[in-house]
Structure formats: C-alpha cells, structure tokens
>>> print(open('my_file_20.cif').read())   # mmCIF, C-alpha atoms
data_coords
loop_
_atom_site.label_atom_id
_atom_site.label_comp_id
_atom_site.auth_asym_id
_atom_site.auth_seq_id
_atom_site.Cartn_x
_atom_site.Cartn_y
_atom_site.Cartn_z
CA MET A 162 10.89 -13.73 11.72
CA SER A 163 13.08 -11.08 10.11
CA LEU A 164 14.38 -11.03 6.53
CA VAL A 165 13.28 -13.94 4.33
CA SER A 166 13.31 -14.79 0.64
CA LEU A 167 10.40 -14.33 -1.72
CA LYS A 168 10.60 -18.05 -2.44
CA GLU A 169 9.88 -18.85 1.22
CA LEU A 170 6.87 -16.53 1.28
CA MET A 171 5.53 -17.96 -1.98
CA GLN A 172 5.83 -21.53 -0.73
CA ASP A 173 3.71 -20.78 2.34
CA ALA A 174 1.20 -18.70 0.36
CA GLU A 175 0.87 -21.57 -2.11
CA ALA A 176 0.38 -24.12 0.64
CA ARG A 177 -2.29 -22.05 2.42
CA SER A 178 -3.89 -20.33 -0.61
CA TYR A 179 -3.41 -16.65 0.17
CA ALA A 180 -1.50 -13.73 -1.35
CA VAL A 181 1.32 -11.70 0.17
CA GLY A 182 1.09 -7.95 -0.31
CA ALA A 183 4.11 -6.30 -1.96
CA TYR A 184 4.15 -2.60 -1.10
CA ASN A 185 6.44 -0.14 -2.86
CA VAL A 186 8.20 2.31 -0.54
CA ILE A 187 10.00 5.58 -1.21
CA ASN A 188 10.64 6.92 2.30
CA LEU A 189 10.89 6.07 5.99
CA GLU A 190 7.24 6.86 6.77
CA MET A 191 6.09 4.28 4.24
CA ILE A 192 8.51 1.65 5.54
CA ARG A 193 7.45 2.18 9.16
CA GLY A 194 3.73 2.35 8.37
CA ILE A 195 3.83 -0.88 6.34
CA ILE A 196 5.84 -2.79 8.95
CA ALA A 197 3.50 -1.56 11.71
CA GLY A 198 0.50 -2.70 9.67
CA ALA A 199 2.04 -6.12 9.03
CA GLU A 200 2.92 -6.61 12.68
CA GLN A 201 -0.56 -5.60 13.80
CA ALA A 202 -2.14 -7.94 11.23
CA LYS A 203 0.40 -10.69 12.01
CA SER A 204 1.07 -10.99 8.31
CA PRO A 205 4.11 -11.70 6.15
CA VAL A 206 4.93 -8.76 3.89
CA ILE A 207 7.11 -7.71 0.96
CA LEU A 208 8.80 -4.31 1.03
CA SER A 209 9.51 -3.30 -2.56
CA PHE A 210 11.58 -0.56 -4.11
CA ALA A 211 11.07 0.08 -7.82
CA GLU A 212 13.83 0.94 -10.26
CA VAL A 213 11.65 3.77 -11.56
CA HIS A 214 11.78 5.43 -8.11
CA ILE A 215 15.58 5.74 -7.99
CA PRO A 216 15.36 9.43 -9.06
CA LEU A 217 13.41 10.04 -5.83
CA VAL A 218 15.94 8.32 -3.56
CA PRO A 219 19.16 6.47 -4.47
CA LEU A 220 19.09 2.69 -4.13
CA GLU A 221 22.18 2.74 -1.89
CA VAL A 222 20.45 5.19 0.47
CA ILE A 223 17.06 3.57 0.90
CA GLY A 224 18.16 -0.05 0.48
CA PRO A 225 19.99 -0.36 3.83
CA ILE A 226 17.08 1.38 5.60
CA ILE A 227 14.56 -1.11 4.17
CA LEU A 228 16.82 -4.04 5.03
CA ASP A 229 17.33 -2.83 8.61
CA ALA A 230 13.56 -2.50 9.08
CA ALA A 231 13.03 -5.99 7.69
CA ARG A 232 15.58 -7.54 10.03
CA ARG A 233 13.98 -5.82 13.05
CA ALA A 234 10.41 -6.76 12.13
CA LYS A 235 8.35 -9.23 14.16
CA VAL A 236 6.93 -10.80 11.00
CA PRO A 237 8.60 -12.35 7.91
CA VAL A 238 9.68 -9.65 5.45
CA ALA A 239 11.10 -10.05 1.95
CA VAL A 240 12.95 -7.05 0.46
CA HIS A 241 12.34 -6.84 -3.27
CA LEU A 242 13.66 -4.80 -6.22
CA ASP A 243 10.58 -4.16 -8.35
CA HIS A 244 10.42 -3.84 -12.15
CA GLY A 245 14.17 -4.02 -12.67
CA GLN A 246 15.24 -3.70 -16.29
CA ASP A 247 18.84 -2.56 -15.91
CA HIS A 248 20.99 -5.58 -15.05
CA THR A 249 23.50 -3.35 -13.24
CA ILE A 250 20.80 -2.07 -10.89
CA LEU A 251 19.49 -5.58 -10.26
CA ILE A 252 22.96 -6.76 -9.29
CA ARG A 253 23.49 -3.69 -7.08
CA ALA A 254 20.27 -4.57 -5.21
CA MET A 255 21.42 -8.15 -4.72
CA LYS A 256 24.79 -7.05 -3.41
CA LEU A 257 23.07 -4.71 -0.93
CA GLY A 258 21.22 -7.71 0.50
CA PHE A 259 17.81 -7.61 -1.21
CA SER A 260 16.28 -11.07 -0.84
CA SER A 261 14.35 -10.86 -4.11
CA VAL A 262 14.54 -9.12 -7.49
CA MET A 263 12.16 -8.80 -10.41
CA PHE A 264 13.54 -8.74 -13.93
CA ASP A 265 10.96 -7.04 -16.15
CA GLY A 266 11.47 -8.25 -19.72
CA ALA A 267 7.79 -8.02 -20.65
CA LEU A 268 8.42 -5.75 -23.64
CA LEU A 269 11.11 -8.05 -25.05
CA PRO A 270 10.47 -10.84 -27.57
CA LEU A 271 9.85 -14.14 -25.75
CA GLU A 272 13.25 -15.68 -26.52
CA GLU A 273 15.11 -12.54 -25.42
CA ASN A 274 13.02 -12.32 -22.25
CA ILE A 275 13.99 -15.92 -21.48
CA ARG A 276 17.67 -15.25 -22.19
CA GLN A 277 17.92 -12.14 -20.02
CA THR A 278 15.83 -13.68 -17.23
CA ASN A 279 18.28 -16.57 -17.13
CA GLU A 280 21.24 -14.19 -16.96
CA ILE A 281 19.77 -12.54 -13.86
CA SER A 282 18.64 -15.87 -12.36
CA LYS A 283 22.16 -17.30 -12.63
CA VAL A 284 23.57 -14.46 -10.51
CA ALA A 285 20.60 -14.42 -8.12
CA LYS A 286 20.62 -18.14 -7.41
CA ALA A 287 24.36 -18.02 -6.66
CA LEU A 288 23.60 -15.36 -4.03
CA GLY A 289 20.50 -17.04 -2.60
CA VAL A 290 18.19 -14.36 -4.02
CA SER A 291 14.70 -15.13 -5.35
CA VAL A 292 13.65 -14.08 -8.86
CA GLU A 293 10.35 -12.84 -10.27
CA ALA A 294 9.87 -12.37 -14.01
CA GLU A 295 7.06 -10.95 -16.14
CA LEU A 296 5.29 -12.20 -19.24
CA GLY A 297 2.65 -10.13 -21.00
CA GLN A 298 2.08 -6.39 -20.68
CA ILE A 299 0.43 -4.79 -17.65
CA LEU A 300 -1.69 -1.84 -18.77
CA ARG A 301 -0.14 1.62 -18.31
CA PRO A 302 3.48 2.20 -17.36
CA GLU A 303 4.87 1.04 -14.00
CA GLY A 304 5.48 3.54 -11.23
CA GLY A 305 2.01 4.91 -10.60
CA GLY A 306 0.85 4.97 -14.18
CA ALA A 307 -0.63 7.72 -16.29
CA GLU A 308 -4.24 8.19 -15.25
CA GLU A 309 -5.75 8.92 -18.66
CA GLU A 310 -8.03 6.30 -20.18
CA MET A 311 -6.21 3.42 -21.83
CA GLU A 312 -6.34 3.22 -25.60
CA GLU A 313 -8.16 0.35 -27.27
CA TYR A 314 -6.14 -2.85 -27.27
CA ASP A 315 -6.40 -6.49 -28.31
CA SER A 316 -6.17 -8.63 -25.19
CA ASP A 317 -4.59 -11.48 -27.15
CA ASP A 318 -1.72 -9.16 -28.07
CA ILE A 319 -0.83 -7.95 -24.58
CA TYR A 320 -2.26 -10.42 -22.06
CA THR A 321 -0.07 -13.34 -21.02
CA ASN A 322 -0.32 -16.20 -23.51
CA PRO A 323 -0.75 -19.49 -21.59
CA GLU A 324 1.37 -21.52 -24.03
CA GLU A 325 4.13 -18.90 -23.93
CA ALA A 326 3.93 -19.08 -20.14
CA ARG A 327 4.48 -22.84 -20.35
CA LYS A 328 7.57 -22.35 -22.51
CA PHE A 329 8.85 -19.54 -20.30
CA ILE A 330 8.62 -21.66 -17.15
CA GLU A 331 10.22 -24.65 -18.84
CA HIS A 332 13.24 -22.60 -19.90
CA THR A 333 13.84 -20.35 -16.88
CA ASP A 334 14.59 -20.79 -13.20
CA ILE A 335 12.30 -18.35 -11.40
CA ASP A 336 10.26 -18.31 -8.18
CA ALA A 337 7.23 -16.25 -9.26
CA LEU A 338 5.70 -15.11 -12.55
CA ALA A 339 3.94 -11.77 -13.05
CA VAL A 340 1.10 -12.14 -15.55
CA ALA A 341 -1.15 -9.78 -17.49
CA TYR A 342 -4.88 -10.47 -17.37
CA GLY A 343 -6.46 -7.00 -17.31
CA THR A 344 -5.00 -5.09 -14.36
CA ALA A 345 -3.34 -1.70 -14.80
CA HIS A 346 -0.71 0.30 -12.94
CA GLY A 347 -2.05 3.42 -11.28
CA VAL A 348 -5.51 4.34 -9.99
CA TYR A 349 -8.43 2.92 -11.98
CA LEU A 350 -10.77 5.40 -13.65
CA LYS A 351 -13.33 2.70 -14.44
CA GLU A 352 -13.94 -0.91 -13.42
CA PRO A 353 -11.37 -3.18 -15.10
CA VAL A 354 -12.39 -6.35 -16.90
CA LEU A 355 -10.23 -9.20 -15.64
CA ASP A 356 -9.74 -12.43 -17.59
CA PHE A 357 -9.97 -14.96 -14.76
CA ASP A 358 -10.26 -17.91 -17.15
CA ARG A 359 -6.89 -16.99 -18.64
CA LEU A 360 -5.38 -16.57 -15.18
CA LYS A 361 -6.65 -19.98 -14.01
CA LEU A 362 -5.36 -21.66 -17.18
CA ILE A 363 -1.89 -20.14 -16.71
CA LYS A 364 -1.87 -21.39 -13.13
CA ASP A 365 -2.93 -24.88 -14.19
CA ILE A 366 -0.30 -25.00 -16.94
CA THR A 367 2.66 -23.60 -15.02
CA GLY A 368 1.98 -24.46 -11.38
CA MET A 369 3.87 -21.28 -10.51
CA PRO A 370 3.08 -18.71 -7.80
CA LEU A 371 1.56 -15.93 -9.92
CA VAL A 372 1.89 -12.19 -9.35
CA MET A 373 -0.66 -9.42 -9.87
CA HIS A 374 0.78 -6.05 -10.83
CA GLY A 375 -1.51 -3.05 -10.86
CA GLY A 376 -3.25 -4.23 -7.70
CA SER A 377 -4.47 -0.83 -6.51
CA GLY A 378 -8.13 0.02 -6.27
CA LEU A 379 -9.80 -3.24 -7.30
CA ASP A 380 -12.93 -4.25 -5.42
CA GLU A 381 -12.62 -6.95 -2.78
CA ALA A 382 -14.28 -9.61 -4.94
CA ALA A 383 -11.68 -9.14 -7.68
CA TYR A 384 -8.83 -9.67 -5.22
CA VAL A 385 -10.45 -12.77 -3.76
CA LYS A 386 -11.20 -14.28 -7.18
CA SER A 387 -7.64 -13.57 -8.36
CA ILE A 388 -6.22 -15.35 -5.32
CA GLN A 389 -8.53 -18.30 -5.92
CA CYS A 390 -7.14 -18.47 -9.48
CA GLY A 391 -3.51 -18.57 -8.36
CA ILE A 392 -2.27 -15.08 -7.45
CA ARG A 393 0.22 -15.38 -4.56
CA LYS A 394 1.97 -11.98 -4.65
CA LEU A 395 -0.09 -8.84 -5.01
CA ASN A 396 1.59 -5.51 -5.80
CA TYR A 397 -0.06 -2.49 -4.21
CA TYR A 398 1.16 1.10 -4.29
CA SER A 399 -0.86 3.72 -6.16
CA ASN A 400 -4.06 3.50 -4.12
CA MET A 401 -2.08 3.66 -0.88
CA ALA A 402 -0.08 6.68 -2.07
CA TYR A 403 -3.24 8.40 -3.32
CA GLU A 404 -5.26 7.82 -0.14
CA VAL A 405 -2.40 8.93 2.11
CA ALA A 406 -2.04 12.15 0.12
CA ASN A 407 -5.78 12.79 0.48
CA THR A 408 -5.65 12.10 4.22
CA ILE A 409 -2.83 14.61 4.68
CA GLN A 410 -4.58 17.19 2.54
CA SER A 411 -7.77 16.79 4.58
CA LYS A 412 -5.98 17.19 7.90
CA LEU A 413 -4.09 20.26 6.66
CA THR A 414 -7.38 21.81 5.56
CA VAL A 415 -9.07 21.12 8.90
CA ASN A 416 -6.17 22.67 10.82
CA ARG A 417 -6.17 25.70 8.56
CA THR A 418 -9.90 26.30 9.11
CA GLN A 419 -9.32 26.05 12.86
CA ASN A 420 -6.34 28.42 12.70
CA LYS A 421 -3.99 25.67 13.89
CA LYS A 422 -0.37 25.60 12.79
CA ASN A 423 0.84 22.69 10.66
CA TYR A 424 4.24 21.13 11.21
CA TYR A 425 6.14 18.69 9.04
CA HIS A 426 6.44 16.14 11.84
CA ASP A 427 2.64 16.08 12.03
CA ILE A 428 2.51 15.15 8.35
CA SER A 429 4.92 12.26 8.95
CA LYS A 430 2.73 10.94 11.77
CA TRP A 431 -0.46 11.24 9.71
CA ALA A 432 1.21 9.44 6.81
CA MET A 433 2.34 6.51 8.94
CA GLU A 434 -1.09 6.15 10.57
CA ALA A 435 -2.90 6.25 7.23
CA ILE A 436 -0.51 3.75 5.66
CA GLN A 437 -0.81 1.35 8.60
CA ALA A 438 -4.59 1.41 8.44
CA ASP A 439 -4.63 0.79 4.68
CA ILE A 440 -2.07 -2.01 4.94
CA GLU A 441 -4.05 -3.81 7.64
CA ARG A 442 -7.19 -3.53 5.50
CA THR A 443 -5.52 -5.02 2.42
CA MET A 444 -3.89 -7.85 4.38
CA ARG A 445 -7.28 -8.98 5.63
CA ILE A 446 -8.57 -9.03 2.03
CA PHE A 447 -5.48 -10.82 0.67
CA GLY A 448 -5.86 -13.54 3.30
CA SER A 449 -2.36 -13.01 4.73
CA ALA A 450 -3.52 -11.63 8.10
CA GLY A 451 -2.73 -14.11 10.86
CA LYS A 452 -0.37 -16.13 8.64
CA ALA A 453 2.90 -14.89 10.20
#
>>> encode(input="my_file_20.cif", output="structure tokens")
Amino acid sequence: MSLVSLKELMQDAEARSYAVGAYNVINLEMIRGIIAGAEQAKSPVILSFAEVHIPLVPLEVIGPIILDAARRAKVPVAVHLDHGQDHTILIRAMKLGFSSVMFDGALLPLEENIRQTNEISKVAKALGVSVEAELGQILRPEGGGAEEEMEEYDSDDIYTNPEEARKFIEHTDIDALAVAYGTAHGVYLKEPVLDFDRLKLIKDITGMPLVMHGGSGLDEAAYVKSIQCGIRKLNYYSNMAYEVANTIQSKLTVNRTQNKKNYYHDISKWAMEAIQADIERTMRIFGSAGKA
C-alpha cells in the first residue's frame, strides 16, 4: 500500500464514487491516530500538513515523520501540503517527498490564479507530484477559522463560478479542484446552506475530482449529497481537533474528581484513541471504508 499520489486516490474515488478524507496533522499523536483509524477501516487516506501550521512545527521536522508513517501504513496514503500560497514552501514540500501539494490562489484574479497554478504544476509534474488548486472563496480563513458568525455575503461573488471553473480547467494541469459552495473552515455555529446545484454543475462542466474544504461538523446527509454531486476529497480538521480537546478535558476532570494523578503520556494515549474513533466514523460516512 504505502505512499501514493493524490492522483491515484482520486482516480479510484472517481471510479467507485466515494470521497477520501484529508486530515490535517500537527503532531505524532494525530498522525498515529489517523493511520490507525484508516487501517482499521481499511480505507485510503490523505495526511495533510497546512502551510498555516508551520509556526507550530517546522515543515522539515514534521514532513519526514508524516512520510515515514505513510510508507509504513497498511493502506494507501497520500502526503499533502495543504493551502500552500508561498511557492518556496510548496517546492520545499515536494523536495521532501510530499506526493501532493495544493496551491491556494483563490484570492487572486482568475488569470493570475491560472498563471501561478501553472508555475507550480510545471515543477510538480516534473517530480511526479499531484496538484490541487482552488477556485472561489471558502468561508472563514483556513487553519481552523475564526468562530464568529460570518458577515453577510453575495454567493455569486465568492462561490465558485461554473464558467470560470471551465476556463480554469482548460488552462491548467491539475488533479483536483477545491470549490466553494457554502462550506466554511472551522466549527459551524449554525447549519450551513450548501449550493448543491452549483456543485453538480461544476462537476458536469469540468469532469474533475472536486474537493470540499471546511468539511468539519456537517451532518451526514450533507456529506453524502456532496459526494453524490462530485466531491472526491474531503478536508476534515477542526471538528476532530475540537472533539479531541473536549475528550481530554473530560478525562482530566474525571481524574481530578477521583483524586487521580494526570500524566502527559496519558493525554497522548487519549488523543490517539479519540482521533482513531473519529476517523473511523468519518470514513464510513465518506464511503472510503473498505476501499483500500
């Protein structure tokens, strides 16, 4: 199984109509918990590291650890640089051995997004690395997202325009396209309104494996409908991080009330167990369980 490209995972997901979970990691407990969950679920998986998380752990420190875990895994694993905007960082990830990178040019004008995406794609393709790009604006900033209510917005201004998606695909060489249709980074404070008609139209026009960013905390029906409309990669981080933190807090509180001592190694174990359970749950919903 071991390390594979995002392109390989997307081809199988497309052929069998499911989505592969892409889980951002920032430490060893998250890496081990996600791999354990994927192996238990017999599911392919994407281990992601986001550019925004570099202040927490240097790319050159965590990258080799992620790659080693991927190569040892009993299921197919792609290692992905998420939301890369700095070309230097994207190239560093490729040189480390990441099998996939995302260039995030969503805030750029269309022509400039196309130009910079092609710059990254040229390097990536020469190295055998898959490329994801983004068109349209996912609500709230990447990396967990501010949890205040979103301001009013015009969906036609920030959601992915289907005709622009057609032009983007015609003029770039990418393996997956992240689209905006109503999801938001971070934990939802109220039920989001997703534009499935727009998503289906983009899929019909482009034929591309589509990517959902802001995949935390939706109800099961929203995930299933999104996959039916063409989502093949589903990013998931904030809800996992939030639930794990709550699990640890609960266990610390119980121990304190029982006058039991807490040790850091206990926290690591609780984190891995909570992550594994959440990963297995999401893989069943995404339809990737049993596909490895």
>>> residues_around(input="my_file_20.cif", residues="Thr278 (chain A)", least_positions_apart="6", cutoff="7 Å", atoms="all atoms listed in the file", output="short mmCIF file (atom, residue, chain, number, x, y, z; two decimals) with C-alpha atoms, in the frame of the given file")
data_model
loop_
_atom_site.label_atom_id
_atom_site.label_comp_id
_atom_site.auth_asym_id
_atom_site.auth_seq_id
_atom_site.Cartn_x
_atom_site.Cartn_y
_atom_site.Cartn_z
CA PHE A 264 13.54 -8.74 -13.93
CA ALA A 294 9.87 -12.37 -14.01
CA THR A 333 13.84 -20.35 -16.88
#
>>> closest_atom_pairs(input="my_file_20.cif", of="region 239-342 of chain A", to="region 180-189 of chain A", cutoff="9 Å", atoms="all atoms listed in the file", output="tab-separated table")
residue	atom	partner	partner_atom	distance
A:Ala239	CA	A:Ala183	CA	8.8
A:His241	CA	A:Ala183	CA	8.4
A:Asp243	CA	A:Asn185	CA	8.0
>>> residues_around(input="my_file_20.cif", residues="Leu288 (chain A)", least_positions_apart="3", cutoff="12 Å", atoms="all atoms listed in the file", output="ChimeraX atom specification")
/A:166,252,254-262,281-285,291-292
>>> atom_distance(input="my_file_20.cif", atom1="CA of Glu200 (chain A)", atom2="CA of Ala453 (chain A)")
8.6 Å
>>> atom_distance(input="my_file_20.cif", atom1="CA of Pro323 (chain A)", atom2="CA of Leu362 (chain A)")
6.7 Å
>>> residues_around(input="my_file_20.cif", residues="Glu434 (chain A)", least_positions_apart="3", cutoff="12 Å", atoms="all atoms listed in the file", output="mmCIF file with C-alpha atoms, keeping the file's coordinate frame")
data_model
loop_
_atom_site.group_PDB
_atom_site.id
_atom_site.type_symbol
_atom_site.label_atom_id
_atom_site.label_comp_id
_atom_site.auth_asym_id
_atom_site.auth_seq_id
_atom_site.Cartn_x
_atom_site.Cartn_y
_atom_site.Cartn_z
ATOM 1 C CA GLU A 190 7.240 6.860 6.770
ATOM 2 C CA MET A 191 6.090 4.280 4.240
ATOM 3 C CA ILE A 192 8.510 1.650 5.540
ATOM 4 C CA ARG A 193 7.450 2.180 9.160
ATOM 5 C CA GLY A 194 3.730 2.350 8.370
ATOM 6 C CA ILE A 195 3.830 -0.880 6.340
ATOM 7 C CA ILE A 196 5.840 -2.790 8.950
ATOM 8 C CA ALA A 197 3.500 -1.560 11.710
ATOM 9 C CA GLY A 198 0.500 -2.700 9.670
ATOM 10 C CA MET A 401 -2.080 3.660 -0.880
ATOM 11 C CA GLU A 404 -5.260 7.820 -0.140
ATOM 12 C CA VAL A 405 -2.400 8.930 2.110
ATOM 13 C CA THR A 408 -5.650 12.100 4.220
ATOM 14 C CA ILE A 409 -2.830 14.610 4.680
ATOM 15 C CA ASP A 427 2.640 16.080 12.030
ATOM 16 C CA ILE A 428 2.510 15.150 8.350
ATOM 17 C CA SER A 429 4.920 12.260 8.950
ATOM 18 C CA LYS A 430 2.730 10.940 11.770
ATOM 19 C CA TRP A 431 -0.460 11.240 9.710
ATOM 20 C CA GLN A 437 -0.810 1.350 8.600
ATOM 21 C CA ALA A 438 -4.590 1.410 8.440
ATOM 22 C CA ASP A 439 -4.630 0.790 4.680
ATOM 23 C CA ILE A 440 -2.070 -2.010 4.940
ATOM 24 C CA GLU A 441 -4.050 -3.810 7.640
#
>>> atom_distance(input="my_file_20.cif", atom1="CA of Tyr384 (chain A)", atom2="CA of Asn396 (chain A)")
11.2 Å
>>> resolve_selection(input="my_file_20.cif", expression="the PyMOL selection byres ((chain A and resi 211-221) around 6)", output="MDAnalysis selection string")
chainID A and resid 210 222:224 242:245
>>> closest_residue(input="my_file_20.cif", among="A:Gly289, A:Gly343, A:Pro370, A:Gly297", to="Gln389 (chain A)", atoms="all atoms listed in the file")
A:Pro370
>>> closest_residue(input="my_file_20.cif", among="A:Ser449, A:Asn407, A:Thr321, A:Asn400", to="Leu338 (chain A)", atoms="only C-alpha atoms")
A:Thr321
>>> resolve_selection(input="my_file_20.cif", expression="the PyMOL selection byres ((chain A and resi 325) around 12)", output="JSON, numbers by chain")
{"A": [267, 270, 271, 272, 274, 275, 295, 296, 297, 317, 320, 321, 322, 323, 324, 326, 327, 328, 329, 330, 331, 332, 340, 362, 363, 366, 367]}
>>> closest_residue(input="my_file_20.cif", among="A:Thr443, A:Asn420, A:Gln172, A:Gln277", to="Ala202 (chain A)", atoms="only C-alpha atoms")
A:Thr443
>>> closest_residue(input="my_file_20.cif", among="A:Tyr397, A:Lys452, A:Ala234, A:Ile319", to="Leu269 (chain A)", atoms="all atoms listed in the file")
A:Ile319
